[in-house]
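J.: One file: run-v8.txt (compact mmCIF, C-alpha atoms and all ligand atoms).
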# COMPACT_ATOMS: atom_id res chain seq x y z
CA MET A 28 32.86 26.15 45.88
CA ASN A 29 30.93 22.92 46.52
CA GLN A 30 30.02 21.34 43.19
CA GLY A 31 29.24 17.79 44.25
CA PRO A 32 26.90 15.51 42.26
CA ASP A 33 23.89 16.60 44.32
CA THR A 34 24.28 20.27 43.56
CA VAL A 35 25.06 20.18 39.83
CA PHE A 36 22.46 19.05 37.28
CA SER A 37 24.66 16.50 35.57
CA ARG A 38 21.89 15.24 33.23
CA ALA A 39 21.33 18.62 31.57
CA THR A 40 22.65 17.55 28.16
CA THR A 41 20.10 14.73 27.75
CA ALA A 42 17.22 16.14 29.82
CA ASN A 43 13.56 16.54 28.95
CA LEU A 44 13.08 20.28 29.48
CA LEU A 45 9.73 21.91 30.20
CA VAL A 46 10.12 25.48 28.98
CA THR A 47 7.26 27.60 30.29
CA GLY A 48 6.51 30.73 28.26
CA GLY A 49 8.43 29.25 25.33
CA ALA A 50 6.32 31.14 22.78
CA GLY A 51 7.37 34.52 24.17
CA PHE A 52 10.39 36.62 23.32
CA ILE A 53 13.17 35.11 25.45
CA GLY A 54 11.57 31.66 25.76
CA SER A 55 11.42 31.17 21.98
CA ASN A 56 15.01 32.35 21.60
CA PHE A 57 16.02 29.92 24.35
CA ILE A 58 14.27 26.98 22.65
CA ARG A 59 16.01 27.79 19.35
CA SER A 60 19.35 28.14 21.09
CA VAL A 61 19.13 24.98 23.19
CA LEU A 62 17.93 22.75 20.34
CA SER A 63 20.78 23.92 18.12
CA ARG A 64 23.41 23.23 20.77
CA VAL A 65 25.91 20.50 19.89
CA GLY A 66 26.01 19.36 23.51
CA PHE A 67 22.23 18.93 23.95
CA SER A 68 20.40 15.82 22.78
CA GLY A 69 17.29 16.02 24.99
CA ARG A 70 13.72 17.14 24.26
CA VAL A 71 12.01 20.47 24.74
CA ILE A 72 8.37 20.79 25.72
CA ASN A 73 7.09 24.31 25.25
CA TYR A 74 4.29 24.96 27.77
CA ASP A 75 2.58 28.24 27.01
CA LYS A 76 -0.89 29.73 27.47
CA LEU A 77 -0.49 31.89 24.34
CA THR A 78 -1.50 35.21 25.83
CA TYR A 79 -1.19 38.31 23.63
CA ALA A 80 2.63 37.94 24.06
CA GLY A 81 2.81 34.29 23.00
CA ASN A 82 3.48 33.74 19.31
CA LEU A 83 4.17 30.35 17.76
CA MET A 84 5.34 32.09 14.58
CA ASN A 85 8.52 32.66 16.62
CA LEU A 86 9.18 28.93 16.36
CA THR A 87 8.02 27.95 12.88
CA GLU A 88 11.37 26.58 11.75
CA ILE A 89 11.86 24.78 15.08
CA GLU A 90 8.49 23.07 14.65
CA ASN A 91 9.47 22.07 11.09
CA GLU A 92 12.86 20.73 12.05
CA PHE A 93 12.23 19.15 15.46
CA GLY A 94 8.43 18.97 15.90
CA GLY A 95 7.15 15.60 17.18
CA ARG A 96 10.70 14.34 17.81
CA ARG A 97 12.62 16.71 20.05
CA TYR A 98 10.18 19.63 20.23
CA PHE A 99 6.57 19.55 21.46
CA PHE A 100 4.09 22.31 22.11
CA GLU A 101 1.50 22.07 24.89
CA ARG A 102 -0.95 24.90 25.28
CA GLY A 103 -1.63 25.43 28.95
CA ASP A 104 -1.75 27.82 31.87
CA ILE A 105 0.93 27.61 34.58
CA CYS A 106 -1.87 28.30 37.09
CA ASP A 107 -3.58 25.00 36.13
CA PHE A 108 -2.14 22.54 38.64
CA GLU A 109 -3.66 19.35 37.19
CA ASN A 110 -2.58 20.17 33.66
CA VAL A 111 0.96 21.11 34.70
CA LYS A 112 1.28 17.88 36.67
CA GLU A 113 -0.06 15.79 33.81
CA VAL A 114 2.41 17.34 31.33
CA LEU A 115 5.33 16.97 33.75
CA ALA A 116 4.50 13.28 34.15
CA ARG A 117 3.67 12.50 30.49
CA PHE A 118 6.95 13.92 29.18
CA GLN A 119 8.98 12.66 32.15
CA ILE A 120 10.33 16.15 32.69
CA ASP A 121 13.78 16.41 34.28
CA ALA A 122 14.03 20.20 34.36
CA VAL A 123 11.65 23.14 34.33
CA VAL A 124 13.00 26.32 32.75
CA HIS A 125 10.46 28.87 33.88
CA PHE A 126 10.02 31.94 31.69
CA ALA A 127 6.21 32.27 31.64
CA ALA A 128 5.14 35.61 33.04
CA GLU A 129 3.31 38.81 32.42
CA SER A 130 6.36 40.88 31.55
CA HIS A 131 5.49 44.47 30.70
CA VAL A 132 5.81 47.16 33.40
CA ASP A 133 3.34 49.58 31.75
CA ARG A 134 0.66 46.88 31.56
CA SER A 135 1.27 46.06 35.23
CA ILE A 136 0.55 49.68 36.12
CA PHE A 137 -2.79 49.66 34.29
CA GLY A 138 -3.82 46.13 35.30
CA PRO A 139 -1.80 44.44 38.05
CA LYS A 140 -4.19 41.50 38.60
CA ASN A 141 -2.85 39.26 35.82
CA PHE A 142 0.67 39.86 37.13
CA VAL A 143 -0.22 38.59 40.58
CA GLU A 144 -2.11 35.66 39.08
CA THR A 145 0.50 34.45 36.59
CA ASN A 146 3.77 35.56 38.16
CA ILE A 147 2.97 34.66 41.76
CA ASN A 148 0.22 32.03 41.69
CA GLY A 149 1.56 30.53 38.46
CA THR A 150 5.06 30.11 39.88
CA PHE A 151 3.61 28.72 43.10
CA THR A 152 1.54 26.19 41.11
CA LEU A 153 4.57 25.05 39.10
CA LEU A 154 6.60 24.64 42.28
CA GLU A 155 3.84 22.59 43.89
CA ALA A 156 3.46 20.35 40.84
CA ALA A 157 7.23 19.81 40.62
CA ARG A 158 7.49 19.10 44.34
CA GLU A 159 4.67 16.55 44.23
CA LEU A 160 5.84 14.80 41.10
CA TRP A 161 9.56 14.80 41.77
CA ALA A 162 8.96 13.73 45.37
CA GLY A 163 12.39 14.46 46.85
CA ARG A 164 14.46 13.62 43.73
CA LYS A 165 17.75 15.47 43.53
CA ASP A 166 18.64 14.63 39.91
CA VAL A 167 16.12 17.20 38.61
CA ARG A 168 16.15 20.99 38.31
CA PHE A 169 13.80 23.98 38.54
CA HIS A 170 15.34 27.07 36.98
CA HIS A 171 13.48 30.32 37.59
CA ILE A 172 14.06 33.28 35.28
CA SER A 173 13.74 36.66 36.96
CA THR A 174 14.66 40.26 36.47
CA ASP A 175 17.04 42.86 37.89
CA GLU A 176 13.94 45.04 38.50
CA VAL A 177 13.37 43.22 41.83
CA PHE A 178 16.30 45.24 43.24
CA GLY A 179 14.59 48.60 42.68
CA SER A 180 16.28 51.68 41.30
CA LEU A 181 19.93 52.80 41.43
CA GLY A 182 21.29 56.33 41.68
CA ASP A 183 24.13 57.49 39.45
CA THR A 184 26.58 54.96 40.84
CA GLY A 185 26.65 51.37 42.09
CA PHE A 186 25.51 48.00 40.75
CA PHE A 187 23.03 45.28 41.66
CA SER A 188 24.72 42.13 42.96
CA GLU A 189 23.22 38.85 44.11
CA THR A 190 23.17 40.18 47.69
CA THR A 191 21.45 43.50 46.98
CA PRO A 192 18.26 43.70 49.10
CA TYR A 193 14.99 43.44 47.19
CA ASP A 194 13.15 46.74 46.68
CA PRO A 195 10.63 46.33 43.85
CA ARG A 196 8.71 49.45 42.75
CA SER A 197 6.21 48.35 40.08
CA PRO A 198 3.48 45.71 40.27
CA TYR A 199 5.54 43.76 37.71
CA SER A 200 8.74 43.78 39.73
CA ALA A 201 6.84 43.17 42.98
CA SER A 202 5.21 40.08 41.47
CA LYS A 203 8.56 38.81 40.18
CA ALA A 204 10.13 39.44 43.60
CA ALA A 205 7.37 37.40 45.27
CA SER A 206 7.97 34.55 42.83
CA ASP A 207 11.73 34.62 43.52
CA HIS A 208 11.05 34.35 47.25
CA LEU A 209 8.74 31.38 46.71
CA VAL A 210 11.36 29.58 44.61
CA ARG A 211 14.01 30.06 47.31
CA ALA A 212 11.55 28.98 49.99
CA TYR A 213 10.95 25.69 48.13
CA PHE A 214 14.70 25.08 48.15
CA HIS A 215 15.13 25.75 51.85
CA THR A 216 11.90 24.17 53.07
CA TYR A 217 11.40 21.19 50.75
CA GLY A 218 14.86 20.74 49.24
CA LEU A 219 13.55 21.28 45.69
CA PRO A 220 16.68 21.61 43.52
CA VAL A 221 16.29 25.15 42.23
CA THR A 222 18.47 27.78 40.61
CA LEU A 223 17.55 31.39 39.87
CA SER A 224 18.77 34.12 37.55
CA ASN A 225 18.07 37.85 37.60
CA CYS A 226 18.73 39.44 34.25
CA SER A 227 18.86 42.97 32.89
CA ASN A 228 16.91 44.25 29.84
CA ASN A 229 17.07 41.94 26.84
CA TYR A 230 16.76 42.88 23.19
CA GLY A 231 16.91 40.98 19.90
CA PRO A 232 14.73 39.16 17.34
CA TYR A 233 11.08 38.30 18.18
CA HIS A 234 10.84 41.01 20.85
CA PHE A 235 7.18 41.98 21.28
CA PRO A 236 6.69 45.56 20.08
CA GLU A 237 5.37 46.98 23.34
CA LYS A 238 8.92 47.26 24.75
CA LEU A 239 11.19 50.22 24.00
CA ILE A 240 13.46 48.83 21.27
CA PRO A 241 10.97 47.01 18.98
CA LEU A 242 8.32 49.69 19.55
CA THR A 243 10.76 52.37 18.43
CA VAL A 244 11.82 50.44 15.33
CA LEU A 245 8.28 49.66 14.19
CA ASN A 246 6.88 53.11 14.98
CA ALA A 247 9.74 54.76 13.11
CA LEU A 248 9.21 52.62 10.02
CA GLU A 249 5.52 53.64 10.08
CA GLY A 250 6.28 57.33 10.58
CA LYS A 251 4.64 57.29 14.03
CA GLN A 252 5.75 59.17 17.14
CA LEU A 253 8.64 57.66 19.15
CA PRO A 254 7.53 58.14 22.77
CA VAL A 255 10.36 58.74 25.24
CA TYR A 256 9.18 58.79 28.86
CA GLY A 257 10.19 61.74 31.05
CA ASP A 258 13.58 63.29 30.24
CA GLY A 259 14.84 60.16 28.46
CA ASN A 260 17.81 59.88 30.82
CA ASN A 261 16.69 56.69 32.59
CA VAL A 262 19.35 54.03 32.22
CA ARG A 263 18.95 50.36 31.35
CA ASP A 264 21.69 47.70 31.10
CA TRP A 265 21.11 46.02 27.72
CA LEU A 266 21.87 42.36 26.98
CA TYR A 267 21.49 40.64 23.61
CA VAL A 268 18.96 37.83 24.04
CA GLU A 269 21.30 35.10 22.72
CA ASP A 270 23.78 35.95 25.45
CA HIS A 271 21.00 35.58 28.03
CA CYS A 272 20.03 32.19 26.59
CA ASP A 273 23.63 31.04 26.79
CA ALA A 274 23.84 32.17 30.42
CA ILE A 275 20.74 30.13 31.29
CA TRP A 276 22.26 27.08 29.62
CA GLN A 277 25.49 27.51 31.61
CA ILE A 278 23.44 27.69 34.82
CA LEU A 279 21.54 24.50 33.91
CA LEU A 280 24.79 22.77 33.14
CA LYS A 281 27.03 24.01 35.93
CA GLY A 282 24.98 26.11 38.36
CA ARG A 283 24.73 25.07 41.99
CA THR A 284 21.31 24.44 43.52
CA GLY A 285 19.95 27.15 45.77
CA GLU A 286 22.11 29.73 44.03
CA THR A 287 21.15 32.92 42.24
CA TYR A 288 23.13 34.30 39.31
CA ASN A 289 22.89 37.87 38.08
CA ILE A 290 23.12 38.27 34.31
CA GLY A 291 23.76 41.61 32.65
CA GLY A 292 25.05 43.28 29.56
CA GLU A 293 27.50 45.56 31.35
CA CYS A 294 26.14 47.99 28.82
CA GLU A 295 24.41 50.99 30.35
CA LYS A 296 22.53 53.29 27.99
CA GLN A 297 20.16 56.15 28.53
CA ASN A 298 16.82 55.56 26.78
CA ILE A 299 17.29 58.60 24.58
CA GLU A 300 20.67 57.25 23.37
CA VAL A 301 19.00 53.96 22.45
CA VAL A 302 16.19 55.66 20.55
CA ARG A 303 18.59 57.95 18.68
CA GLY A 304 20.82 54.95 17.89
CA ILE A 305 17.87 53.12 16.34
CA CYS A 306 16.98 56.20 14.28
CA ASP A 307 20.52 56.41 12.92
CA ILE A 308 20.64 52.72 11.97
CA LEU A 309 17.27 53.04 10.22
CA GLU A 310 18.57 56.08 8.34
CA GLU A 311 21.17 53.75 6.76
CA LEU A 312 18.89 50.75 6.19
CA VAL A 313 15.68 52.52 5.06
CA PRO A 314 16.46 56.18 4.39
CA VAL A 315 13.56 58.46 5.25
CA ASP A 316 13.20 59.77 1.65
CA SER A 317 12.77 56.19 0.41
CA ASN A 318 10.14 55.34 3.05
CA GLU A 319 6.69 55.52 1.40
CA LYS A 320 4.82 55.28 4.73
CA ILE A 321 6.62 58.33 6.12
CA ARG A 322 5.97 60.31 2.98
CA LYS A 323 2.24 59.56 3.34
CA ARG A 324 1.81 59.83 7.11
CA SER A 325 4.40 62.46 8.12
CA PRO A 326 5.55 64.33 4.98
CA GLY A 327 7.36 67.03 7.02
CA ILE A 328 9.78 64.51 8.55
CA LYS A 329 13.36 64.89 7.30
CA ALA A 330 15.00 62.28 9.59
CA TYR A 331 13.76 59.51 11.90
CA ARG A 332 15.02 61.51 14.88
CA ASP A 333 12.32 64.11 14.10
CA LEU A 334 9.73 61.55 15.26
CA ILE A 335 11.05 61.53 18.85
CA ALA A 336 8.50 62.91 21.35
CA PHE A 337 9.13 63.35 25.06
CA VAL A 338 5.94 62.21 26.80
CA THR A 339 4.62 62.05 30.38
CA ASP A 340 6.81 59.87 32.57
CA ARG A 341 5.85 56.36 33.70
CA PRO A 342 4.65 56.45 37.35
CA GLY A 343 7.35 55.11 39.67
CA HIS A 344 9.80 54.96 36.76
CA ASP A 345 13.03 53.31 37.99
CA ARG A 346 15.93 55.61 37.19
CA ARG A 347 18.83 53.28 36.60
CA TYR A 348 19.54 49.56 36.43
CA ALA A 349 23.08 48.16 36.26
CA ILE A 350 24.18 44.61 36.97
CA ASN A 351 27.33 43.25 38.50
CA CYS A 352 27.62 39.80 36.91
CA ASP A 353 31.04 38.79 38.24
CA LYS A 354 29.61 35.67 39.90
CA ILE A 355 28.38 33.97 36.73
CA LYS A 356 31.53 35.03 34.93
CA THR A 357 33.97 33.66 37.47
CA GLU A 358 32.00 30.60 38.65
CA LEU A 359 30.48 29.41 35.40
CA GLY A 360 32.77 30.97 32.80
CA TRP A 361 29.95 32.85 31.01
CA LYS A 362 30.48 36.15 29.24
CA GLN A 363 28.63 38.38 26.81
CA THR A 364 29.57 37.96 23.15
CA TYR A 365 27.62 40.84 21.54
CA ASP A 366 28.47 44.48 21.90
CA PHE A 367 25.52 46.85 21.84
CA GLU A 368 26.28 48.48 18.48
CA GLN A 369 26.47 45.10 16.76
CA GLY A 370 23.44 43.68 18.59
CA LEU A 371 21.29 46.74 17.97
CA ARG A 372 22.21 46.82 14.28
CA GLU A 373 21.33 43.13 13.87
CA THR A 374 18.10 43.60 15.77
CA VAL A 375 16.95 46.59 13.72
CA ALA A 376 17.89 44.76 10.51
CA TRP A 377 15.90 41.71 11.68
CA PHE A 378 12.73 43.78 12.13
CA VAL A 379 13.24 45.49 8.76
CA ARG A 380 13.71 42.09 7.03
CA ASN A 381 10.96 40.10 8.76
CA THR A 382 7.99 41.91 7.33
CA GLN A 383 5.60 38.94 7.55
CA TRP A 384 6.23 38.52 11.29
CA VAL A 385 5.97 42.27 11.85
CA GLU A 386 2.70 42.59 9.94
CA ALA A 387 1.16 39.59 11.73
CA VAL A 388 2.10 40.98 15.14
CA ARG A 389 1.02 44.50 14.31
CA ASN A 390 -2.40 43.40 13.02
CA GLY A 391 -2.90 40.80 15.73
CA ASP A 392 -3.05 38.19 12.94
CA TYR A 393 -0.46 36.00 14.64
CA GLN A 394 -3.16 34.68 16.97
CA LYS A 395 -5.34 33.69 13.99
CA TRP A 396 -2.27 32.24 12.26
CA ILE A 397 -1.71 29.98 15.26
CA GLU A 398 -5.28 28.66 15.20
CA THR A 399 -5.29 27.90 11.48
CA ASN A 400 -1.69 26.89 10.73
CA TYR A 401 -0.52 25.40 13.96
CA PHE A 402 -3.51 23.70 15.49
CA GLY A 403 -4.97 23.02 12.04
CA ARG A 404 -1.86 21.06 11.14
CA THR A 405 -1.01 19.20 14.30
CA ARG A 406 -4.34 18.20 15.77
P1 LIG B 501 7.07 37.73 27.00
O1 LIG B 501 5.98 38.60 27.53
O2 LIG B 501 7.62 38.00 25.64
O3 LIG B 501 6.58 36.21 27.00
C1 LIG B 501 5.89 35.65 28.07
C2 LIG B 501 5.35 34.29 27.63
O4 LIG B 501 4.67 33.70 28.74
C3 LIG B 501 4.33 34.38 26.49
O5 LIG B 501 4.60 33.41 25.51
C4 LIG B 501 2.99 34.11 27.18
O6 LIG B 501 2.03 33.51 26.33
C5 LIG B 501 3.43 33.18 28.31
N1 LIG B 501 2.50 33.20 29.44
C6 LIG B 501 2.01 34.30 30.09
N2 LIG B 501 1.16 33.91 31.06
C7 LIG B 501 1.16 32.56 31.06
C8 LIG B 501 0.50 31.58 31.85
N3 LIG B 501 -0.34 31.93 32.85
N4 LIG B 501 0.72 30.27 31.59
C9 LIG B 501 1.55 29.91 30.58
N5 LIG B 501 2.18 30.78 29.78
C10 LIG B 501 2.00 32.10 30.02
O7 LIG B 501 8.21 37.77 28.10
P2 LIG B 501 9.80 37.77 27.92
O8 LIG B 501 10.25 39.16 27.69
O9 LIG B 501 10.17 36.69 26.99
O10 LIG B 501 10.23 37.38 29.41
C11 LIG B 501 10.37 36.02 29.80
C12 LIG B 501 10.80 35.93 31.25
O11 LIG B 501 12.04 36.62 31.42
C13 LIG B 501 9.82 36.59 32.23
O12 LIG B 501 9.76 35.78 33.37
C14 LIG B 501 10.45 37.93 32.54
O13 LIG B 501 10.08 38.36 33.83
C15 LIG B 501 11.91 37.59 32.46
N6 LIG B 501 12.81 38.70 32.10
C16 LIG B 501 12.58 39.43 30.96
C17 LIG B 501 13.46 40.44 30.62
C18 LIG B 501 13.27 41.23 29.35
O14 LIG B 501 14.03 42.18 29.10
N7 LIG B 501 12.31 40.90 28.49
C19 LIG B 501 14.56 40.73 31.44
C20 LIG B 501 14.77 39.95 32.59
C21 LIG B 501 13.88 38.94 32.91
P1 LIG B 502 10.71 48.65 28.62
O1 LIG B 502 11.21 48.18 27.30
O2 LIG B 502 9.24 48.72 28.84
O3 LIG B 502 11.43 47.76 29.71
P2 LIG B 502 11.50 47.98 31.33
O4 LIG B 502 10.44 48.92 31.75
O5 LIG B 502 11.25 46.59 31.82
O6 LIG B 502 12.89 48.45 31.60
O7 LIG B 502 11.30 50.11 28.87
C1 LIG B 502 12.70 50.36 28.80
C2 LIG B 502 12.92 51.79 29.17
O8 LIG B 502 12.35 52.63 28.15
C3 LIG B 502 12.21 52.21 30.45
O9 LIG B 502 13.02 53.15 31.14
C4 LIG B 502 10.93 52.87 29.99
C5 LIG B 502 11.33 53.49 28.67
N1 LIG B 502 10.29 53.56 27.61
C6 LIG B 502 10.11 54.74 26.92
O10 LIG B 502 10.77 55.76 27.18
N2 LIG B 502 9.17 54.77 25.92
C7 LIG B 502 8.41 53.68 25.61
O11 LIG B 502 7.53 53.76 24.70
C8 LIG B 502 8.62 52.47 26.33
C9 LIG B 502 7.80 51.24 26.02
C10 LIG B 502 9.58 52.45 27.32
What would the structure in this file look like if it were written as structure tokens?

T.:
Amino acid sequence: MNQGPDTVFSRATTANLLVTGGAGFIGSNFIRSVLSRVGFSGRVINYDKLTYAGNLMNLTEIENEFGGRRYFFERGDICDFENVKEVLARFQIDAVVHFAAESHVDRSIFGPKNFVETNINGTFTLLEAARELWAGRKDVRFHHISTDEVFGSLGDTGFFSETTPYDPRSPYSASKAASDHLVRAYFHTYGLPVTLSNCSNNYGPYHFPEKLIPLTVLNALEGKQLPVYGDGNNVRDWLYVEDHCDAIWQILLKGRTGETYNIGGECEKQNIEVVRGICDILEELVPVDSNEKIRKRSPGIKAYRDLIAFVTDRPGHDRRYAINCDKIKTELGWKQTYDFEQGLRETVAWFVRNTQWVEAVRNGDYQKWIETNYFGRTR
């Protein structure tokens, strides 16, 4: 293993980090996690366009504690070259941690254009801006966050490793695959100091309720149908978001340039198991008979599981994802700390507790909240 000074980002602990997509689910968890790390004394600049998935309510307490000192928000599009370059220069950015993306497979099926624009052109634009501004520097870092979906679909056995050939099946995974290739090309062609990670399905607080886990929790609480695509036997490898954030930090700290690290939960579950698990946790936290909304909307319902509905399958639905993450474990010493039962219980409890966040997201009020509270206060 060659970990010389050129390949490891030795300034990670004091760096100025540009976190793209920092108002989204994983990005906001990463900002919270990195700013509360004992070993990090740098600054975080959250660069986000605030699409439907961007929500600054995810970072209210971070803004209160660190805003204007170690945390800054810049609204901007990663496709806007001049703006990206200006922000990189103004904050003297040492590392880009690139989360910004269109991230939902179903949306990519109905409207792939934004996925090509943001995930491919946006990543290309960031790479160009970093290349121009950093001009051959080696003491900087571009970390690209990607997905295991670039590898396609597994049968009943086997795992994705870092050397698995790419075989994306949805417009989302195809656009992420293209962006991964561009990042690697900038390493080989221009020597840009990059690292990449391909992660399995995340879950946890602040997850936007279009994805399976938060959608199921919120629909169940409302007494709405819980849609399970196809036969419900598709398998995903679930990772608690804090464990993902820790893995990214370990890569920034110790990862070697040009390398890719797979990150996974080593926790395969069929979708139907996940949905039933959520129903059972809700039964303990908010029993159906005590849930006013269910009594009004679906009076015949005796248990949350009664809301499950098998619906038409997603076109091109990948059957199984499972990650082999031995490389990051052995090289960088990372490992998962949450087991699924604990993580799922905490996640469901978080959505039950955080009613203000849930209401704002459900009504779309979080976008108005941002305009009045956030921009009203800081500009
Ligand atoms: P998300 O949809 O919750 O958040 C995406 C963020 O990017 C939002 O804040 C949005 O406003 C911002 N954004 C979108 N387009 C932008 C643009 N053009 N310019 C600037 N900002 C823009 O996504 P997420 O689930 O947090 O995923 C983050 C990253 O992690 C993505 O790159 C995704 O591919 C990857 N990933 C996600 C998962 C998962 O399970 N969620 C798993 C593996 C990898
Ligand atoms: P999702 O959370 O959209 O993540 P991804 O497609 O990136 O894996 O979906 C997770 C799994 O759950 C996937 O197999 C599709 C399935 N699914 C449902 O069965 N019902 C739903 O309502 C959603 C959103 C997803």

J.: Could you tell me, counting all atoms listed in the file, which protein and nucleic acid residues lie no more than 7 Å from ligand LIG 502 (chain B), written as a list in words?

T.: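 Using all atoms listed in the file, I find these residues within 7 Å of ligand LIG 502 (chain B): His131, Val132, Asp133, Asn228, Glu237, Lys238, Leu239, Ile240, Leu242, Leu253, Pro254, Val255, Tyr256, Gly259, Asn261, Val262, Arg263, Asn298, His344 and Asp345 of chain A.
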
J.: How would you write, as a PyMOL selection string, the set of residues no farther than 8 Å from ligand LIG 501 (chain B) when counting all atoms listed in the file?

T.: chain A and resi 47-55+74-82+102-106+125-131+144-146+149+171-176+203+225-230+234-235

J.: Tell me, counting only C-alpha atoms, for each residue of range 222-337 of chain A within 12 Å of range 354-372 of chain A, which pair of atoms is nearest and how far apart they are in Å to one decimal, in rows ordered by chain and increasing number, as a Markdown table.

T.:
| residue | atom | partner | partner_atom | distance |
| --- | --- | --- | --- | --- |
| A:Leu223 | CA | A:Ile355 | CA | 11.6 |
| A:Ser224 | CA | A:Ile355 | CA | 9.6 |
| A:Asn225 | CA | A:Ile355 | CA | 11.1 |
| A:Cys226 | CA | A:Ile355 | CA | 11.4 |
| A:Asn229 | CA | A:Gly370 | CA | 10.6 |
| A:Tyr230 | CA | A:Leu371 | CA | 7.9 |
| A:Gly231 | CA | A:Gly370 | CA | 7.2 |
| A:Pro232 | CA | A:Gly370 | CA | 9.9 |
| A:Ile240 | CA | A:Leu371 | CA | 8.8 |
| A:Pro241 | CA | A:Leu371 | CA | 10.4 |
| A:Thr243 | CA | A:Leu371 | CA | 11.9 |
| A:Val244 | CA | A:Leu371 | CA | 10.5 |
| A:Asp264 | CA | A:Phe367 | CA | 10.1 |
| A:Trp265 | CA | A:Phe367 | CA | 7.4 |
| A:Leu266 | CA | A:Phe367 | CA | 7.7 |
| A:Tyr267 | CA | A:Gly370 | CA | 6.2 |
| A:Val268 | CA | A:Gly370 | CA | 9.2 |
| A:Glu269 | CA | A:Tyr365 | CA | 8.6 |
| A:Asp270 | CA | A:Gln363 | CA | 5.6 |
| A:His271 | CA | A:Gln363 | CA | 8.2 |
| A:Cys272 | CA | A:Gln363 | CA | 10.6 |
| A:Asp273 | CA | A:Trp361 | CA | 7.8 |
| A:Ala274 | CA | A:Trp361 | CA | 6.2 |
| A:Ile275 | CA | A:Trp361 | CA | 9.6 |
| A:Trp276 | CA | A:Trp361 | CA | 9.7 |
| A:Gln277 | CA | A:Leu359 | CA | 6.5 |
| A:Ile278 | CA | A:Leu359 | CA | 7.3 |
| A:Leu279 | CA | A:Leu359 | CA | 10.3 |
| A:Leu280 | CA | A:Leu359 | CA | 9.0 |
| A:Lys281 | CA | A:Leu359 | CA | 6.4 |
| A:Gly282 | CA | A:Leu359 | CA | 7.1 |
| A:Arg283 | CA | A:Glu358 | CA | 9.7 |
| A:Glu286 | CA | A:Lys354 | CA | 10.4 |
| A:Thr287 | CA | A:Ile355 | CA | 9.2 |
| A:Tyr288 | CA | A:Ile355 | CA | 5.9 |
| A:Asn289 | CA | A:Ile355 | CA | 6.9 |
| A:Ile290 | CA | A:Ile355 | CA | 7.2 |
| A:Gly291 | CA | A:Gln363 | CA | 8.3 |
| A:Gly292 | CA | A:Gln363 | CA | 6.7 |
| A:Glu293 | CA | A:Gln363 | CA | 8.6 |
| A:Cys294 | CA | A:Phe367 | CA | 7.1 |
| A:Glu295 | CA | A:Phe367 | CA | 9.5 |
| A:Lys296 | CA | A:Phe367 | CA | 9.4 |
| A:Glu300 | CA | A:Glu368 | CA | 11.5 |
| A:Val301 | CA | A:Leu371 | CA | 8.8 |
| A:Val302 | CA | A:Leu371 | CA | 10.6 |
| A:Arg303 | CA | A:Leu371 | CA | 11.6 |
| A:Gly304 | CA | A:Leu371 | CA | 8.2 |
| A:Ile305 | CA | A:Leu371 | CA | 7.4 |
| A:Cys306 | CA | A:Arg372 | CA | 10.7 |
| A:Asp307 | CA | A:Arg372 | CA | 9.8 |
| A:Ile308 | CA | A:Arg372 | CA | 6.5 |
| A:Leu309 | CA | A:Arg372 | CA | 8.9 |
| A:Glu310 | CA | A:Arg372 | CA | 11.6 |
| A:Glu311 | CA | A:Arg372 | CA | 10.3 |
| A:Leu312 | CA | A:Arg372 | CA | 9.6 |

J.: So how far away is CA of Arg168 in chain A from CA of Val46 in chain A, in Å?

T.: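 Computing the Euclidean distance for CA of Val46 in chain A and CA of Arg168 in chain A yields 12.0 Å.
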
J.: Between CA of Val167 in chain A and CA of Leu219 in chain A, what distance in Å does the model show, to one decimal?

T.: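 Going from CA of Val167 in chain A over to CA of Leu219 in chain A covers 8.6 Å.
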